Amino acid sequence: MTPIFSNAAIGRSLLILLLCAGVFFFIDFLVPALAALIVCFSSWPLYQKLLAKCGGRSALAATIALCCIVLGLIIPLVFVFSYALQEIRTWVDWLVFTNQHGSPVPLWIKDLPWMGEWLTLQWQQFIGEPHELGKIISAISGQNLSGISRWVLQLGWNTLGLLLTLLFMLITLFFLYKDGEQVAKQLDIVGERVLPARWHSFSRVVPATVSSTVIGMTLIAIGEGIVLGIAYWIAGVPSAVAFGVLTAFMALVPGGAPTMFTLISLYLVGTGDMTAGVGLFLWGSIELFIVDKTLRPNLVGGPIKLPFLPTFFGLIGGVKTMGFVGLFVGPVLMALLVAI
């Protein structure tokens, strides 16, 4: 009697069920695992040189590479973010006080060209009266100001979860460095069975696209954050470090950096410092022109040059689904779709 299902079909079904079960149980670790993969792809050429200097001892090379990442990237970022959060805490305190007592319209808003009168009316309606600001924040974010204030005061508990995620990412990254070549060989065996005609070219596009996209976007964002942050400090902008960090994040999104320095320039013009406001706007425009015309086309994209619209959708969709890591995963997925 002929069986209804062949052994091969049963084996494939069991394999699919096993993969689905693995994804279900390890879905919470997806983001740190993807972050480790992104860092591994981006730094793999440097790691290969380090591995050669270590005489092929992968465990030693992976340990040194991990220490370099912690000392050269993670610790400096922790110091910068901690300082920026201290400045942001003063903003939250001001929001809580303003929500309780209201706040008069600042003179610099009244003096803004073209839209000063309209902004004055909006300020008087939504910020000048007590508890009106809290209603706006509740309508937009679903949280009240007291909840946001408690969140800032209890930031240590949230930081603990972030540190655990970071620890898992570093552990995953260590084994990716240590056993990366063996994993790549096994993936090549599976890929050649699934896509025998196209796997070789496709597997070479993936690391090149990930590496160039991540390195390019990160370097450009950090560079714009530092350059514009220094410009904010020279122009006398309060909380220059926090605005510099915010500008670096906004630089990952198309149009984010120019929006930031334009708003800050308008603030300087409204406060009466016309020279600093115009100078900051000109400096930001020149810096943005140089970056967009020279650095960004050469750094971002690698073998796949994405146009604006797929890049924008990749960024927004990635952030919505995966948070900060999605800023890098989204454009890479869009590039792979174009490659396919």
# chains A, B, ... in the order shown; residues from 1 in each chain; ligands from 1
$ residues_around --residues "A:Gly225" --least-positions-apart "6" --cutoff "12 Å" --atoms "only C-alpha atoms" --output "count of residues only"
27
$ select_by_dssp --residues "stretch 54-285 of chain A" --states "helix (DSSP H, G or I)" --output "PyMOL selection string"
chain A and resi 58-101+107-110+116-126+132-141+145-153+155-194+199-235+240-251+256-270+274-285
$ closest_residue --among "A:Ala35, A:Ile171, A:Ile215, A:Ile127" --to "A:Gly102" --atoms "only C-alpha atoms"
A:Ile127
$ atom_distance --atom1 "atom CA of A:Leu336" --atom2 "atom CA of A:Leu309"
15.0 Å
$ atom_distance --atom1 "atom CA of A:Leu51" --atom2 "atom CA of A:Gln186"
20.3 Å
$ atom_distance --atom1 "atom CA of A:Gln86" --atom2 "atom CA of A:Cys68"
27.0 Å
